[in-house]
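A.B. asks: This is the structure, below, for whatever I ask next.
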Amino acid sequence: IDSIPATCFLDDITGKNVIVDEGNLQGLIDFDGVCYGDPLWWMSLTWVGLVHDIGTDGNVQTYMEELKNRWQIKPLETKILNLYCVLHALNFIGFNFLDGRLRLIPAIKDWIHEA
């Protein structure tokens, strides 16, 4: 963890704070705060939250792929992102509703496979 640089980034990149046009990310809104740390941690939290709330439909996958493209995520970073997703998803399973847990279990398998 000490080797991860503390990067300044916008931490609220959930689906409610983005502008999408025809499947392409066009912009971000709601710039009320920034964080320092590993932006992949927060990106993974967004991904897990979306999967928990609405599943793994094409819109979620498209949104996350576009975020990874915009942030120029490298192959090793993708593995780290997937590992973070597993950690967040296991945490969500511990305290969230049944529907969300049922959506997360298949996603956890995919994230483990990709990590």
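Chains: A, B, ... in order of the structure tokens. Residues: from 1 per chain. Ligands: from 1, in order shown.
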Residues near Ala6 in chain A, anyone? I mean within 8 Å using only C-alpha atoms, not counting same-chain ones fewer than 6 positions away, as JSON, numbers by chain.

C.D. replies: {"A": [36, 37, 38]}

A.B. asks: If you run DSSP on the backbone, which residues of chain A are alpha helix (DSSP H), as a PyMOL selection string?

C.D. replies: chain A and resi 39-54+58-70+75-95+98-114

A.B. asks: Closest to Val60 in chain A among A:Leu81, A:Val20, A:Ile4, A:Ile73, using only C-alpha atoms?

C.D. replies: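 Looking at the shortest contact to Val60 in chain A, the residue is A:Val20.
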
A.B. asks: Given the choices A:Glu114, A:Asp53, A:Asp99, A:Glu65, which gets closest to Ile80 in chain A if the distance is worked out from only C-alpha atoms?

C.D. replies: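 Going through A:Glu114, A:Asp53, A:Asp99, A:Glu65 one by one, the smallest distance to Ile80 in chain A is for A:Glu114.
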
A.B. asks: Which of chain A counts as strand (DSSP E) under DSSP, as number ranges by chain please?

C.D. replies: A: 7-10, 18-21, 24-28, 34-37

A.B. asks: For Gly27 in chain A, find every residue with an atom within 9 Å (counting only C-alpha atoms), except residues of its own chain fewer than 2 positions away, and show them as a PDB file with N, CA, C and O atoms, in the first residue's frame.

C.D. replies:
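Okay, out-v2.pdb is ready:
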ATOM      1  N   ASN A  17     -23.888  11.192 -11.326  1.00  0.00           N
ATOM      2  CA  ASN A  17     -23.065  12.388 -11.521  1.00  0.00           C
ATOM      3  C   ASN A  17     -22.319  12.395 -12.851  1.00  0.00           C
ATOM      4  O   ASN A  17     -21.264  13.016 -12.961  1.00  0.00           O
ATOM      5  N   VAL A  18     -22.876  11.712 -13.826  1.00  0.00           N
ATOM      6  CA  VAL A  18     -22.236  11.679 -15.131  1.00  0.00           C
ATOM      7  C   VAL A  18     -23.228  12.080 -16.214  1.00  0.00           C
ATOM      8  O   VAL A  18     -24.442  11.947 -16.047  1.00  0.00           O
ATOM      9  N   ILE A  19     -22.692  12.575 -17.298  1.00  0.00           N
ATOM     10  CA  ILE A  19     -23.496  12.884 -18.477  1.00  0.00           C
ATOM     11  C   ILE A  19     -23.071  11.899 -19.562  1.00  0.00           C
ATOM     12  O   ILE A  19     -21.896  11.820 -19.921  1.00  0.00           O
ATOM     13  N   VAL A  20     -24.046  11.132 -20.056  1.00  0.00           N
ATOM     14  CA  VAL A  20     -23.785  10.118 -21.076  1.00  0.00           C
ATOM     15  C   VAL A  20     -24.669  10.422 -22.278  1.00  0.00           C
ATOM     16  O   VAL A  20     -25.853  10.716 -22.134  1.00  0.00           O
ATOM     17  N   LEU A  25     -19.422   8.562 -22.412  1.00  0.00           N
ATOM     18  CA  LEU A  25     -19.271   9.477 -21.301  1.00  0.00           C
ATOM     19  C   LEU A  25     -18.898  10.853 -21.845  1.00  0.00           C
ATOM     20  O   LEU A  25     -17.911  11.001 -22.552  1.00  0.00           O
ATOM     21  N   ILE A  29     -20.435  15.848 -13.325  1.00  0.00           N
ATOM     22  CA  ILE A  29     -21.016  16.979 -12.610  1.00  0.00           C
ATOM     23  C   ILE A  29     -20.891  16.735 -11.108  1.00  0.00           C
ATOM     24  O   ILE A  29     -20.498  15.658 -10.682  1.00  0.00           O
TER      25      ILE A  29
END

A.B. asks: Restricting the calculation to only C-alpha atoms, which member of A:Glu66, A:Ala107, A:Cys8, A:Asp2 is positioned closest to Val34 in chain A?

C.D. replies: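 Using only C-alpha atoms, the shortest distance to Val34 in chain A belongs to A:Cys8.
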
A.B. asks: Excluding Tyr84 in chain A and residues on its chain fewer than 5 positions from it, collect all residues at most 12 Å away from it, counting only C-alpha atoms, and give them as an mmCIF file with C-alpha atoms, in the first residue's frame.

C.D. replies:
data_model
loop_
_atom_site.group_PDB
_atom_site.id
_atom_site.type_symbol
_atom_site.label_atom_id
_atom_site.label_comp_id
_atom_site.auth_asym_id
_atom_site.auth_seq_id
_atom_site.Cartn_x
_atom_site.Cartn_y
_atom_site.Cartn_z
ATOM 1 C CA ASP A 38 -5.909 5.301 -5.060
ATOM 2 C CA PRO A 39 -8.616 6.319 -7.554
ATOM 3 C CA LEU A 40 -9.064 2.640 -8.454
ATOM 4 C CA TRP A 41 -10.441 2.032 -4.947
ATOM 5 C CA TRP A 42 -13.246 4.532 -5.544
ATOM 6 C CA MET A 43 -13.845 3.408 -9.117
ATOM 7 C CA SER A 44 -14.315 -0.135 -7.837
ATOM 8 C CA LEU A 45 -16.739 1.069 -5.156
ATOM 9 C CA THR A 46 -18.789 2.781 -7.875
ATOM 10 C CA TRP A 47 -18.782 -0.405 -9.975
ATOM 11 C CA VAL A 48 -19.872 -2.607 -7.074
ATOM 12 C CA GLU A 77 -4.525 -1.617 -12.927
ATOM 13 C CA THR A 78 -7.492 -3.585 -14.276
ATOM 14 C CA LYS A 79 -6.412 -6.523 -12.131
ATOM 15 C CA ALA A 89 -18.615 -6.764 -2.928
ATOM 16 C CA LEU A 90 -17.812 -9.052 -0.005
ATOM 17 C CA ASN A 91 -18.343 -6.094 2.308
ATOM 18 C CA ILE A 108 -17.634 -11.562 -7.731
ATOM 19 C CA TRP A 111 -13.912 -10.128 -10.840
ATOM 20 C CA ILE A 112 -11.930 -12.973 -9.242
ATOM 21 C CA GLU A 114 -10.161 -11.187 -14.047
ATOM 22 C CA ALA A 115 -7.968 -10.261 -11.036
#

A.B. asks: Could you work out how far CA of Leu67 in chain A lies from CA of Ile105 in chain A, giving the answer in Å with one decimal?

C.D. replies: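 Between CA of Ile105 in chain A and CA of Leu67 in chain A the gap works out to 22.7 Å.
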